[in-house]
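Peer 1: Data file my_file29.cif (mmCIF, C-alpha atoms) is appended below.
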```cif
data_data
#
loop_
_atom_site.label_atom_id
_atom_site.label_comp_id
_atom_site.auth_asym_id
_atom_site.auth_seq_id
_atom_site.Cartn_x
_atom_site.Cartn_y
_atom_site.Cartn_z
CA MET V 17 3.70 -38.56 -125.14
CA ASN V 18 -0.09 -38.34 -125.03
CA ASP V 19 -1.74 -34.94 -124.99
CA PRO V 20 -3.08 -34.36 -121.45
CA HIS V 21 -6.18 -32.75 -122.89
CA THR V 22 -7.24 -35.85 -124.86
CA ALA V 23 -6.86 -37.97 -121.72
CA TYR V 24 -9.95 -36.34 -120.28
CA GLU V 25 -11.98 -35.81 -123.45
CA GLY V 26 -13.73 -39.18 -123.39
CA HIS V 27 -14.74 -38.91 -119.75
CA LEU V 28 -16.94 -35.82 -120.01
CA ILE V 29 -20.64 -36.57 -119.78
CA ALA V 30 -21.65 -32.91 -119.86
CA ARG V 31 -19.57 -30.02 -121.20
CA PRO V 32 -19.66 -26.46 -119.74
CA GLU V 33 -22.54 -25.20 -121.90
CA ASP V 34 -24.64 -28.36 -121.60
CA ARG V 35 -27.76 -28.26 -119.48
CA VAL V 36 -28.60 -30.80 -116.79
CA THR V 37 -31.75 -31.35 -114.76
CA PHE V 38 -32.28 -29.19 -111.68
CA SER V 39 -32.12 -32.17 -109.33
CA LYS V 40 -28.84 -33.41 -110.84
CA ALA V 41 -27.37 -29.88 -110.77
CA LEU V 42 -28.31 -29.53 -107.11
CA LEU V 43 -26.93 -32.95 -106.14
CA LEU V 44 -23.64 -32.49 -108.00
CA GLY V 45 -23.40 -28.89 -106.77
CA LEU V 46 -23.71 -30.10 -103.18
CA GLN V 47 -20.97 -32.63 -103.91
CA HIS V 48 -18.66 -29.86 -105.09
CA VAL V 49 -19.40 -27.90 -101.91
CA MET V 50 -18.51 -30.96 -99.80
CA ALA V 51 -15.16 -31.22 -101.59
CA MET V 52 -14.22 -27.58 -100.99
CA ASP V 53 -13.52 -27.37 -97.21
CA VAL V 54 -14.67 -23.71 -97.28
CA TYR V 55 -14.82 -23.60 -93.49
CA VAL V 56 -11.14 -24.38 -92.84
CA VAL V 57 -9.69 -20.90 -93.53
CA PRO V 58 -12.21 -18.90 -91.44
CA PHE V 59 -11.96 -21.46 -88.64
CA ILE V 60 -8.16 -21.13 -88.51
CA ILE V 61 -8.38 -17.32 -88.49
CA ALA V 62 -11.10 -17.32 -85.83
CA SER V 63 -9.08 -19.72 -83.66
CA ALA V 64 -5.86 -17.71 -84.01
CA LEU V 65 -7.66 -14.44 -83.17
CA ALA V 66 -9.44 -16.12 -80.21
CA LEU V 67 -12.88 -15.00 -81.43
CA SER V 68 -15.90 -16.04 -79.40
CA GLN V 69 -17.96 -18.96 -80.72
CA ALA V 70 -20.70 -16.56 -81.83
CA ASP V 71 -18.24 -14.32 -83.71
CA SER V 72 -16.50 -17.39 -85.16
CA ALA V 73 -19.82 -18.76 -86.43
CA SER V 74 -20.67 -15.42 -88.02
CA PHE V 75 -17.26 -15.23 -89.67
CA ILE V 76 -17.74 -18.72 -91.11
CA GLN V 77 -21.21 -17.74 -92.37
CA SER V 78 -19.75 -14.72 -94.15
CA THR V 79 -17.15 -16.93 -95.80
CA PHE V 80 -19.80 -19.29 -97.18
CA LEU V 81 -21.80 -16.33 -98.46
CA ALA V 82 -18.72 -14.80 -100.12
CA ALA V 83 -17.77 -18.13 -101.74
CA GLY V 84 -21.27 -18.60 -103.11
CA ILE V 85 -21.54 -15.12 -104.58
CA GLY V 86 -18.02 -15.39 -106.02
CA THR V 87 -18.80 -18.75 -107.65
CA ILE V 88 -21.92 -17.35 -109.33
CA ILE V 89 -20.10 -14.18 -110.48
CA GLN V 90 -17.22 -16.14 -112.02
CA THR V 91 -19.18 -19.04 -113.52
CA ALA V 92 -22.35 -17.34 -114.75
CA TRP V 93 -21.10 -13.90 -115.83
CA CYS V 94 -17.37 -13.27 -115.97
CA MET V 95 -15.09 -16.17 -116.93
CA ARG V 96 -18.00 -18.47 -117.80
CA MET V 97 -16.05 -21.62 -116.96
CA PRO V 98 -16.93 -24.31 -114.38
CA VAL V 99 -14.95 -22.73 -111.55
CA ALA V 100 -15.88 -22.72 -107.86
CA GLN V 101 -14.63 -19.90 -105.64
CA GLY V 102 -13.60 -20.41 -102.04
CA PRO V 103 -11.39 -18.73 -99.41
CA SER V 104 -7.70 -18.80 -100.30
CA TYR V 105 -5.10 -20.16 -97.86
CA ILE V 106 -2.48 -17.73 -99.19
CA PRO V 107 -3.54 -14.58 -97.27
CA LEU V 108 -3.74 -16.38 -93.90
CA GLY V 109 -0.43 -15.07 -92.55
CA ALA V 110 -1.00 -11.51 -93.74
CA ILE V 111 -4.57 -11.44 -92.39
CA LEU V 112 -3.39 -12.54 -88.95
CA ALA V 113 -0.42 -10.15 -88.99
CA ILE V 114 -2.59 -7.16 -89.92
CA ALA V 115 -5.33 -8.10 -87.45
CA PHE V 116 -2.86 -8.50 -84.57
CA ALA V 117 -1.10 -5.23 -85.47
CA ALA V 118 -4.51 -3.50 -85.34
CA GLY V 119 -5.21 -4.79 -81.84
CA GLY V 120 -6.21 -8.37 -82.56
CA GLY V 121 -9.52 -10.10 -82.01
CA TYR V 122 -12.79 -8.92 -83.51
CA ALA V 123 -11.66 -5.28 -83.75
CA GLY V 124 -8.57 -6.14 -85.80
CA LEU V 125 -10.70 -7.50 -88.65
CA GLY V 126 -11.89 -3.97 -89.53
CA THR V 127 -8.36 -3.08 -90.68
CA VAL V 128 -8.13 -6.36 -92.60
CA PHE V 129 -11.31 -5.62 -94.58
CA GLY V 130 -10.12 -2.07 -95.21
CA ALA V 131 -6.96 -3.52 -96.78
CA LEU V 132 -8.85 -6.04 -98.91
CA ILE V 133 -11.11 -3.67 -100.86
CA PRO V 134 -8.53 -1.47 -102.72
CA GLY V 135 -6.54 -4.51 -103.85
CA ALA V 136 -9.69 -6.21 -105.18
CA ILE V 137 -10.49 -3.09 -107.22
CA LEU V 138 -6.95 -3.14 -108.65
CA VAL V 139 -7.31 -6.79 -109.74
CA ALA V 140 -10.60 -6.00 -111.52
CA LEU V 141 -8.98 -2.99 -113.26
CA LEU V 142 -6.11 -5.19 -114.49
CA GLY V 143 -8.69 -7.38 -116.20
CA MET V 144 -10.71 -4.47 -117.59
CA THR V 145 -7.64 -2.85 -119.18
CA GLY V 146 -6.42 -6.12 -120.71
CA TRP V 147 -3.15 -6.04 -118.80
CA PHE V 148 -3.82 -9.08 -116.71
CA HIS V 149 -3.09 -11.77 -119.29
CA ARG V 150 0.20 -10.02 -120.15
CA LEU V 151 1.15 -9.91 -116.47
CA VAL V 152 0.40 -13.62 -116.02
CA ARG V 153 2.44 -14.68 -119.03
CA TRP V 154 5.37 -12.55 -117.83
CA LEU V 155 5.50 -13.01 -114.03
CA VAL V 156 4.10 -16.50 -113.45
CA PRO V 157 5.58 -19.13 -115.76
CA PRO V 158 5.34 -22.78 -114.55
CA ILE V 159 8.55 -22.59 -112.47
CA VAL V 160 7.19 -19.63 -110.50
CA GLY V 161 3.66 -21.01 -110.22
CA GLY V 162 4.93 -24.37 -108.96
CA THR V 163 7.26 -22.68 -106.47
CA ILE V 164 4.45 -20.50 -105.11
CA ILE V 165 2.19 -23.52 -104.55
CA LEU V 166 5.06 -25.40 -102.88
CA VAL V 167 5.75 -22.43 -100.60
CA VAL V 168 2.04 -22.19 -99.72
CA GLY V 169 1.96 -25.78 -98.50
CA LEU V 170 5.24 -25.64 -96.58
CA SER V 171 4.59 -22.28 -94.93
CA LEU V 172 1.04 -23.09 -93.83
CA LEU V 173 2.07 -26.33 -92.13
CA PRO V 174 3.54 -24.53 -89.05
CA ILE V 175 0.25 -22.62 -88.72
CA ALA V 176 -1.72 -25.87 -88.80
CA LEU V 177 0.44 -27.42 -86.09
CA THR V 178 1.26 -24.43 -83.87
CA ALA V 179 -2.08 -22.61 -83.81
CA ASN V 180 -4.33 -25.64 -83.78
CA VAL V 181 -2.43 -28.62 -82.34
CA PHE V 182 0.39 -27.44 -80.05
CA THR V 183 -1.70 -24.58 -78.63
CA VAL V 184 -4.28 -26.10 -76.29
CA TYR V 185 -7.68 -24.61 -75.52
CA GLY V 186 -9.93 -24.99 -72.48
CA ASP V 187 -9.46 -28.18 -70.47
CA THR V 188 -7.70 -30.00 -73.32
CA THR V 189 -4.18 -31.26 -72.57
CA LEU V 190 -1.37 -31.38 -75.13
CA ASN V 191 -1.53 -35.18 -75.30
CA GLN V 192 -5.28 -35.05 -75.93
CA SER V 193 -4.75 -32.40 -78.62
CA LEU V 194 -2.12 -34.56 -80.33
CA LEU V 195 -4.44 -37.59 -80.17
CA LEU V 196 -7.36 -35.72 -81.76
CA ALA V 197 -5.11 -34.28 -84.47
CA GLY V 198 -3.79 -37.77 -85.21
CA VAL V 199 -7.31 -39.21 -85.42
CA SER V 200 -8.52 -36.58 -87.90
CA ALA V 201 -5.36 -36.89 -90.01
CA VAL V 202 -5.58 -40.69 -90.17
CA LEU V 203 -9.28 -40.62 -91.04
CA LEU V 204 -8.62 -38.15 -93.87
CA ILE V 205 -5.80 -40.28 -95.30
CA VAL V 206 -7.82 -43.52 -95.03
CA ALA V 207 -10.84 -41.93 -96.75
CA MET V 208 -8.62 -40.58 -99.54
CA MET V 209 -6.97 -43.97 -100.04
CA LEU V 210 -10.31 -45.82 -100.10
CA GLY V 211 -11.49 -43.33 -102.69
CA LEU V 212 -8.49 -44.15 -104.85
CA ARG V 213 -8.77 -47.89 -104.23
CA PHE V 214 -12.41 -48.30 -105.30
CA ASN V 215 -13.32 -47.01 -108.75
CA ASN V 216 -17.06 -46.90 -108.10
CA ARG V 217 -19.69 -44.81 -106.33
CA PHE V 218 -18.35 -45.81 -102.93
CA GLY V 219 -14.86 -44.65 -103.91
CA LEU V 220 -16.24 -41.39 -105.30
CA TRP V 221 -18.24 -40.79 -102.11
CA MET V 222 -15.19 -41.46 -99.95
CA ARG V 223 -13.03 -39.05 -101.93
CA VAL V 224 -15.41 -36.11 -102.03
CA SER V 225 -16.46 -36.70 -98.41
CA SER V 226 -12.97 -37.33 -97.00
CA VAL V 227 -12.70 -33.96 -95.25
CA VAL V 228 -16.19 -34.29 -93.76
CA ILE V 229 -15.37 -37.83 -92.57
CA SER V 230 -12.18 -36.54 -90.93
CA LEU V 231 -13.90 -33.69 -89.11
CA VAL V 232 -16.96 -35.67 -88.03
CA GLY V 233 -14.87 -38.62 -86.86
CA GLY V 234 -12.43 -36.43 -84.95
CA THR V 235 -15.28 -34.49 -83.35
CA LEU V 236 -17.05 -37.70 -82.24
CA VAL V 237 -13.82 -38.89 -80.59
CA ALA V 238 -13.53 -35.49 -78.87
CA TRP V 239 -17.14 -35.83 -77.67
CA ALA V 240 -16.39 -39.29 -76.27
CA MET V 241 -13.43 -37.76 -74.42
CA GLY V 242 -15.62 -35.00 -72.98
CA LEU V 243 -13.88 -32.29 -75.07
CA PHE V 244 -16.83 -31.29 -77.26
CA SER V 245 -20.06 -29.58 -76.24
CA TRP V 246 -23.34 -29.32 -78.14
CA ASP V 247 -24.49 -26.29 -76.10
CA SER V 248 -23.41 -23.58 -78.55
CA ILE V 249 -25.07 -25.45 -81.45
CA ALA V 250 -28.31 -25.88 -79.54
CA ALA V 251 -28.30 -22.19 -78.61
CA ALA V 252 -27.64 -20.98 -82.17
CA PRO V 253 -30.66 -19.92 -84.26
CA TRP V 254 -31.52 -21.91 -87.37
CA PHE V 255 -31.29 -18.85 -89.58
CA THR V 256 -29.25 -15.73 -88.94
CA LEU V 257 -27.66 -12.89 -90.91
CA PRO V 258 -23.88 -12.75 -91.33
CA LYS V 259 -22.07 -9.66 -90.07
CA LEU V 260 -21.36 -7.06 -92.73
CA VAL V 261 -18.55 -4.54 -93.14
CA GLY V 262 -19.63 -0.99 -92.34
CA VAL V 263 -22.55 -2.32 -90.30
CA ASP V 264 -21.05 -4.78 -87.84
CA TYR V 265 -17.35 -4.12 -88.50
CA ALA V 266 -15.84 -0.64 -88.23
CA LEU V 267 -13.84 -0.18 -91.46
CA HIS V 268 -10.26 1.13 -91.10
CA PHE V 269 -7.80 1.90 -93.90
CA SER V 270 -4.06 1.46 -93.33
CA LEU V 271 -1.66 2.23 -96.20
CA PRO V 272 0.95 -0.41 -95.21
CA ALA V 273 -1.83 -3.01 -94.90
CA ILE V 274 -3.28 -2.01 -98.27
CA LEU V 275 0.14 -2.23 -99.98
CA THR V 276 0.69 -5.64 -98.39
CA PHE V 277 -2.55 -6.93 -99.86
CA VAL V 278 -1.75 -5.54 -103.29
CA VAL V 279 1.16 -8.01 -103.26
CA ILE V 280 -1.01 -10.73 -101.71
CA TYR V 281 -3.60 -10.36 -104.48
CA LEU V 282 -0.90 -10.87 -107.11
CA VAL V 283 -0.05 -14.15 -105.40
CA VAL V 284 -3.72 -15.15 -105.04
CA ILE V 285 -4.37 -14.42 -108.71
CA ALA V 286 -1.36 -16.58 -109.58
CA GLU V 287 -2.91 -19.38 -107.51
CA THR V 288 -6.30 -19.09 -109.17
CA THR V 289 -4.72 -18.89 -112.63
CA GLY V 290 -3.20 -22.30 -111.99
CA THR V 291 -6.67 -23.59 -111.12
CA TRP V 292 -8.10 -22.16 -114.33
CA PHE V 293 -5.50 -24.01 -116.38
CA ALA V 294 -6.22 -27.22 -114.45
CA VAL V 295 -9.94 -26.90 -115.26
CA SER V 296 -9.03 -26.07 -118.86
CA ALA V 297 -7.10 -29.34 -119.14
CA VAL V 298 -9.95 -31.37 -117.62
CA ILE V 299 -12.61 -29.99 -119.97
CA ASN V 300 -10.25 -29.92 -123.00
CA GLN V 301 -10.96 -26.25 -123.64
CA PRO V 302 -7.97 -23.86 -123.93
CA ILE V 303 -8.22 -20.55 -122.08
CA THR V 304 -8.09 -17.45 -124.27
CA ASP V 305 -6.47 -14.16 -123.28
CA LYS V 306 -9.97 -12.65 -123.17
CA GLN V 307 -11.06 -15.29 -120.68
CA LEU V 308 -8.00 -14.61 -118.52
CA ASP V 309 -8.88 -10.92 -118.39
CA ARG V 310 -12.56 -11.62 -117.67
CA GLY V 311 -11.43 -14.06 -114.99
CA ALA V 312 -9.41 -11.28 -113.34
CA ILE V 313 -12.50 -9.06 -113.39
CA GLY V 314 -14.49 -11.85 -111.75
CA GLU V 315 -11.73 -12.45 -109.22
CA GLY V 316 -11.61 -8.76 -108.29
CA LEU V 317 -15.39 -8.52 -107.98
CA SER V 318 -15.52 -11.73 -105.93
CA CYS V 319 -12.81 -10.58 -103.54
CA GLY V 320 -14.42 -7.13 -103.21
CA VAL V 321 -17.80 -8.67 -102.38
CA ALA V 322 -16.10 -11.08 -99.97
CA ALA V 323 -14.60 -8.14 -98.06
CA LEU V 324 -17.93 -6.30 -97.94
CA VAL V 325 -19.80 -9.30 -96.51
CA GLY V 326 -17.10 -9.93 -93.90
CA GLY V 327 -15.17 -12.72 -95.64
CA THR V 328 -11.60 -13.23 -96.82
CA PRO V 329 -10.23 -13.23 -100.41
CA VAL V 330 -11.63 -16.01 -102.59
CA THR V 331 -9.90 -17.97 -105.32
CA GLY V 332 -10.64 -20.80 -107.73
CA TYR V 333 -10.53 -24.22 -106.03
CA SER V 334 -8.45 -26.84 -107.82
CA THR V 335 -10.21 -29.69 -105.98
CA ASN V 336 -13.28 -29.03 -108.11
CA ALA V 337 -11.30 -29.77 -111.26
CA GLY V 338 -10.65 -33.20 -109.75
CA VAL V 339 -14.36 -33.68 -109.05
CA ILE V 340 -15.13 -32.80 -112.69
CA SER V 341 -12.67 -35.41 -113.92
CA ILE V 342 -14.23 -38.03 -111.61
CA THR V 343 -17.90 -37.30 -112.33
CA GLY V 344 -17.47 -36.31 -115.98
CA VAL V 345 -19.90 -33.41 -115.52
CA ALA V 346 -18.53 -29.95 -116.33
CA SER V 347 -21.84 -28.13 -116.81
CA ARG V 348 -21.79 -24.56 -115.54
CA MET V 349 -25.30 -25.15 -114.20
CA VAL V 350 -23.80 -27.48 -111.59
CA PHE V 351 -21.44 -24.74 -110.41
CA VAL V 352 -24.19 -22.13 -110.28
CA ALA V 353 -26.10 -24.63 -108.14
CA ALA V 354 -23.01 -25.02 -105.93
CA GLY V 355 -22.90 -21.24 -105.56
CA LEU V 356 -26.55 -21.16 -104.50
CA VAL V 357 -25.91 -23.91 -101.93
CA LEU V 358 -22.98 -21.92 -100.51
CA VAL V 359 -25.11 -18.77 -100.30
CA CYS V 360 -27.84 -20.65 -98.44
CA LEU V 361 -25.30 -22.05 -95.97
CA GLY V 362 -24.24 -18.44 -95.32
CA PHE V 363 -27.60 -17.90 -93.59
CA PHE V 364 -27.81 -21.28 -91.81
CA GLY V 365 -26.79 -20.39 -88.26
CA LYS V 366 -26.69 -23.88 -86.73
CA PHE V 367 -24.41 -25.15 -89.48
CA SER V 368 -21.88 -22.38 -88.86
CA ALA V 369 -22.15 -22.88 -85.10
CA ALA V 370 -21.45 -26.60 -85.53
CA ILE V 371 -18.27 -25.86 -87.50
CA ALA V 372 -17.17 -23.25 -84.97
CA ALA V 373 -17.58 -25.81 -82.18
CA ILE V 374 -15.19 -28.34 -83.77
CA PRO V 375 -12.09 -28.65 -81.55
CA ALA V 376 -9.10 -26.78 -83.00
CA SER V 377 -6.87 -29.86 -82.82
CA VAL V 378 -9.28 -31.79 -85.06
CA ILE V 379 -9.04 -29.00 -87.63
CA GLY V 380 -5.25 -28.93 -87.20
CA GLY V 381 -4.76 -32.62 -87.98
CA MET V 382 -6.89 -32.40 -91.11
CA PHE V 383 -5.27 -29.12 -92.19
CA ALA V 384 -1.76 -30.56 -91.83
CA VAL V 385 -2.60 -33.22 -94.43
CA VAL V 386 -4.13 -30.54 -96.66
CA CYS V 387 -0.88 -28.53 -96.44
CA ILE V 388 1.12 -31.53 -97.63
CA THR V 389 -1.22 -32.13 -100.57
CA ILE V 390 -0.84 -28.46 -101.55
CA ALA V 391 2.96 -28.74 -101.41
CA MET V 392 2.87 -31.94 -103.47
CA ALA V 393 0.75 -30.18 -106.10
CA GLY V 394 3.57 -27.65 -106.45
CA ILE V 395 6.13 -30.43 -106.81
CA ARG V 396 3.92 -32.05 -109.47
CA ILE V 397 4.18 -28.85 -111.53
CA LEU V 398 7.93 -28.47 -110.92
CA ARG V 399 8.71 -31.99 -112.08
CA HIS V 400 8.11 -30.78 -115.66
CA VAL V 401 10.66 -27.96 -115.22
CA HIS V 402 14.31 -28.51 -116.17
CA LEU V 403 15.97 -28.04 -112.77
CA ASP V 404 19.40 -26.68 -113.68
CA GLU V 405 21.42 -24.57 -111.20
CA ARG V 406 19.43 -21.40 -111.99
CA ALA V 407 16.07 -23.17 -111.63
CA MET V 408 17.11 -24.70 -108.31
CA LEU V 409 17.84 -21.21 -106.99
CA VAL V 410 14.50 -19.88 -108.26
CA VAL V 411 12.75 -22.73 -106.42
CA GLY V 412 14.99 -23.06 -103.36
CA VAL V 413 15.71 -19.48 -102.28
CA PRO V 414 11.98 -18.57 -101.92
CA ILE V 415 11.65 -21.53 -99.52
CA ILE V 416 14.47 -19.99 -97.44
CA PHE V 417 12.63 -16.64 -97.45
CA SER V 418 9.37 -18.26 -96.38
CA PHE V 419 11.01 -20.13 -93.48
CA PHE V 420 12.84 -16.95 -92.50
CA ALA V 421 9.48 -15.20 -92.17
CA THR V 422 8.08 -18.14 -90.20
CA LEU V 423 11.01 -18.50 -87.78
CA ALA V 424 12.05 -14.85 -87.32
CA PRO V 425 11.89 -13.81 -83.61
CA LYS V 426 8.61 -12.03 -82.93
CA GLU V 427 10.34 -9.36 -80.84
CA TRP V 428 12.62 -8.44 -83.75
CA VAL V 429 9.74 -8.39 -86.25
CA ALA V 430 7.74 -6.12 -83.92
CA SER V 431 10.59 -3.58 -83.99
CA LEU V 432 10.36 -3.18 -87.78
CA PRO V 433 8.21 -0.67 -89.73
CA ASP V 434 4.57 -1.70 -90.24
CA MET V 435 5.02 -2.61 -93.92
CA LEU V 436 7.86 -5.01 -93.14
CA GLN V 437 5.89 -6.47 -90.23
CA TYR V 438 2.97 -7.27 -92.52
CA LEU V 439 5.22 -8.82 -95.18
CA LEU V 440 7.14 -10.94 -92.64
CA GLY V 441 3.80 -11.93 -91.16
CA SER V 442 3.05 -13.79 -94.40
CA ALA V 443 5.63 -16.38 -95.38
CA VAL V 444 3.71 -16.98 -98.61
CA THR V 445 4.01 -13.34 -99.68
CA ILE V 446 7.75 -13.25 -99.06
CA GLY V 447 8.30 -16.56 -100.84
CA ALA V 448 6.12 -15.63 -103.83
CA MET V 449 7.79 -12.23 -104.25
CA ALA V 450 11.21 -13.89 -104.10
CA ALA V 451 10.22 -16.44 -106.77
CA MET V 452 8.91 -13.78 -109.17
CA VAL V 453 11.89 -11.45 -108.68
CA LEU V 454 14.55 -14.18 -108.90
CA ASN V 455 13.03 -15.56 -112.09
CA GLN V 456 13.38 -12.10 -113.63
CA ILE V 457 16.86 -11.11 -112.44
CA LEU V 458 18.89 -14.35 -112.42
CA PRO V 459 20.77 -14.72 -115.73
CA ARG V 460 19.71 -17.50 -118.04
CA ALA V 461 21.90 -19.82 -120.06
CA ALA V 462 22.17 -18.95 -123.75
CA GLY V 463 19.89 -21.83 -124.77
CA ASP V 464 17.25 -20.79 -122.25
CA ARG V 465 17.24 -17.21 -123.56
CA THR V 466 16.80 -18.46 -127.12
CA GLN V 467 13.90 -20.71 -126.09
CA GLN V 468 12.27 -17.90 -124.06
CA ALA V 469 12.46 -15.55 -127.06
CA ALA V 470 10.86 -18.23 -129.23
CA ASP V 471 8.05 -18.72 -126.71
#
```
When written as C-alpha cells, how does the structure in this file appear?

Peer 2:
Amino acid sequence: MNDPHTAYEGHLIARPEDRVTFSKALLLGLQHVMAMDVYVVPFIIASALALSQADSASFIQSTFLAAGIGTIIQTAWCMRMPVAQGPSYIPLGAILAIAFAAGGGYAGLGTVFGALIPGAILVALLGMTGWFHRLVRWLVPPIVGGTIILVVGLSLLPIALTANVFTVYGDTTLNQSLLLAGVSAVLLIVAMMLGLRFNNRFGLWMRVSSVVISLVGGTLVAWAMGLFSWDSIAAAPWFTLPKLVGVDYALHFSLPAILTFVVIYLVVIAETTGTWFAVSAVINQPITDKQLDRGAIGEGLSCGVAALVGGTPVTGYSTNAGVISITGVASRMVFVAAGLVLVCLGFFGKFSAAIAAIPASVIGGMFAVVCITIAMAGIRILRHVHLDERAMLVVGVPIIFSFFATLAPKEWVASLPDMLQYLLGSAVTIGAMAAMVLNQILPRAAGDRTQQAAD
C-alpha cells in the first residue's frame, strides 16, 4: 500500500515555511476564507435564539473577528502550521441549551460566554504543562475520533432541518421553506460535483465557491419569490464595531454551564486534532508532541479570545487541508493573510447584515448537506478500523446516546438538574463522552491488548 504522505508530496508548490508574494498570499487567503463557511454556525445560533437582524449581524461579525485572530495565533505563533480557525459545529447544542436555560435571546448569550472562558483557560494549561499530547494519545484513538465526527454529522442534521427548514419565519409557508432548502442543497451538490468533474481552474473555483454559490442562488430564488428584503442591508453601516463581552454583553458565570463546556472543549480539541493530522498528511510533515501541546495552547487562546469578542469556540477547519491539496500551496503566509481577511470582515457591517438577511431555509438546505459530509468524514476514518463486536459497540452505542439526547421529551429534560439539562442539550457531548468511556471500559480481545501494549 502506498504511503498517504508521499501521495501529496509531489503536489506541493510551496511548503509551510516558504514565502509567497503578497498578492498571491492575499488571493489564496481569500480563497481559504470562501471555503470555510464561517457564517453558518453564528447564523444557526442567531436564528434559533430569534435574535434581531442587527444583533444577528453583530454576532456574525464577532465570529469572523474571532476566526481571524485565532487563525493568526495558531499559524504565526503557536502551532506554526498552515491551519485556519473557524467556529466549531460541536458546541451548537450546548450553546443553545445554556442560552435558553439562561432566559434565551440576546441575554442568554452572557451565560454562554461566561461558560466559555474557564474551559479555554483549561485547554491552554493542558498544552503548557505538556499533558495534552498524552491525553490525545490515550482518549482519542482513530475509533473514537471517527465516532465523534460521525456523531457530529448525524446529531446536527436535526438542527439543520428543524430549526431552519421545518420552522417557518415571517410570511414564508412550509412549502416555500422546503423549496428554498431544496434549491440551496441542489446547488451545493451540483457545484461540488462540477468541481470534482473538471480538474482545472473552473473546477477549483466551483469547489471552493460551492457554499457561496448555494447561498447566493438560494437567496436569489427567495428574492424572486418575494421572501427576501434588501432593506436591512441598505440600512446597515459599511463599517461597524462588533459587540464585546463585558461591554455589550453582561457576563454571567454558571458552574453547571462551565462544567458542561469543559467536556465540550475536550470534544472540540479532539475535532481539531483530527484536522491537524489531516493537514500533516497533506504537507507530508509529521506532528511532534511539542507541536500538539503548542496547538492546544493556541486552541485555548483562540477560544478565549473568541469568547471575549462575542464569538463561539473556534477549531481547525479540515476543508482548508483539502484546499491545500488542490492548490499545492501550504505557505503559512497564505493562512496569515486569510486571518487578516477574516479580521477585516469582522468590521464590515454590510457584509454581516447581508449574511444575517439570508432566509433560514436557504441556510438549512446547505447545512443539511454539510452535516452529511461531516458524517461521511467520520465513516472514512472508521473504515480503517477493524470493526469486531467490541468496536461496533464503541461506534454504535454513542449514536444511540446522541439520538436519545435529540429525541428526549423537552418537558422531561426540563425537570432534570441544570447539569444534566446542558449535557442532554448537546447530542454531540453525550455521544463523544460515551465513545471515550466505552473505549476505555469495554474489554478487549487478547490480541487487541497485545497490539495496544506494543503501540

Peer 1: Which residues fall under the PyMOL selection byres ((chain V and resi 360) around 12) in this file, as a PyMOL selection string?

Peer 2: chain V and resi 46+49+77-85+254-258+353-359+361-365+367-368

Peer 1: Taking a cut-off of 8 Å and counting only C-alpha atoms, can you build a table that, for each residue of stretch 265-316 of chain V near stretch 441-449 of chain V, reports the nearest atom pair and how far apart they are in Å (one decimal), sorted by chain then residue number, as a tab-separated table?

Peer 2:
```
residue	atom	partner	partner_atom	distance
V:Val279	CA	V:Thr445	CA	7.0
V:Ile280	CA	V:Thr445	CA	6.0
V:Val283	CA	V:Ala448	CA	6.5
```

Peer 1: May I ask which of the residues V:Ala30, V:Val453, V:Leu112, V:Val54 is the closest one to V:Ala273, counting all atoms listed in the file?

Peer 2: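 Using all atoms listed in the file, the shortest distance to V:Ala273 belongs to V:Leu112.
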
Peer 1: Go ahead and compute the interatomic distance for atom CA of V:Pro272 and atom CA of V:Asp434, in Å to one decimal.

Peer 2: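 Between atom CA of V:Pro272 and atom CA of V:Asp434 the gap is 6.3 Å.
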
Peer 1: Could you give me, as JSON, numbers by chain, the residues within 12 Å of V:Gly314, counting all atoms listed in the file and dropping anything in the same chain fewer than 6 positions from it?

Peer 2: {"V": [85, 86, 87, 88, 89, 90, 91, 92, 93, 94, 95, 96, 97, 99, 100, 101, 136, 137, 138, 139, 140, 141, 142, 143, 144, 285, 288, 307, 308, 320, 321, 322, 330, 331, 332]}

Peer 1: Using all atoms listed in the file, which residue out of V:Thr183, V:Thr188, V:Ser225, V:Asn216 lies closest to V:Trp239?

Peer 2: V:Thr188

Peer 1: Evaluated on this file, the PyMOL selection byres ((chain V and resi 400-416) around 7) picks out some residues - which ones are they, written as an MDAnalysis selection string?

Peer 2: chainID V and resid 159 163 167 397:399 417:420 447:448 450:451 454:455

Peer 1: At what distance in Å, to one decimal, does atom CA of V:Ala118 lie from atom CA of V:Glu315?

Peer 2: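 These atoms are spaced 26.5 Å apart.
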
Peer 1: Point out the residue among V:Val385, V:Thr304, V:Ala430, V:Ala369 with the least atom-to-atom distance to V:Arg150, counting only C-alpha atoms.

Peer 2: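 The closest residue to V:Arg150 is V:Thr304.
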
Peer 1: Name the residues, using the chain letters and numbers of the file, that sit within 12 Å of (-2.9, -27.0, -81.4) when counting only C-alpha atoms, and give them as a CSV table (one decimal) with C-alpha atoms, keeping the file's coordinate frame.

Peer 2:
```
chain,number,residue,atom,x,y,z
V,60,ILE,CA,-8.2,-21.1,-88.5
V,63,SER,CA,-9.1,-19.7,-83.7
V,64,ALA,CA,-5.9,-17.7,-84.0
V,173,LEU,CA,2.1,-26.3,-92.1
V,174,PRO,CA,3.5,-24.5,-89.0
V,175,ILE,CA,0.2,-22.6,-88.7
V,176,ALA,CA,-1.7,-25.9,-88.8
V,177,LEU,CA,0.4,-27.4,-86.1
V,178,THR,CA,1.3,-24.4,-83.9
V,179,ALA,CA,-2.1,-22.6,-83.8
V,180,ASN,CA,-4.3,-25.6,-83.8
V,181,VAL,CA,-2.4,-28.6,-82.3
V,182,PHE,CA,0.4,-27.4,-80.0
V,183,THR,CA,-1.7,-24.6,-78.6
V,184,VAL,CA,-4.3,-26.1,-76.3
V,185,TYR,CA,-7.7,-24.6,-75.5
V,186,GLY,CA,-9.9,-25.0,-72.5
V,188,THR,CA,-7.7,-30.0,-73.3
V,189,THR,CA,-4.2,-31.3,-72.6
V,190,LEU,CA,-1.4,-31.4,-75.1
V,191,ASN,CA,-1.5,-35.2,-75.3
V,192,GLN,CA,-5.3,-35.0,-75.9
V,193,SER,CA,-4.8,-32.4,-78.6
V,194,LEU,CA,-2.1,-34.6,-80.3
V,195,LEU,CA,-4.4,-37.6,-80.2
V,196,LEU,CA,-7.4,-35.7,-81.8
V,197,ALA,CA,-5.1,-34.3,-84.5
V,198,GLY,CA,-3.8,-37.8,-85.2
V,375,PRO,CA,-12.1,-28.6,-81.6
V,376,ALA,CA,-9.1,-26.8,-83.0
V,377,SER,CA,-6.9,-29.9,-82.8
V,378,VAL,CA,-9.3,-31.8,-85.1
V,379,ILE,CA,-9.0,-29.0,-87.6
V,380,GLY,CA,-5.2,-28.9,-87.2
V,381,GLY,CA,-4.8,-32.6,-88.0
V,382,MET,CA,-6.9,-32.4,-91.1
V,383,PHE,CA,-5.3,-29.1,-92.2
V,384,ALA,CA,-1.8,-30.6,-91.8
```
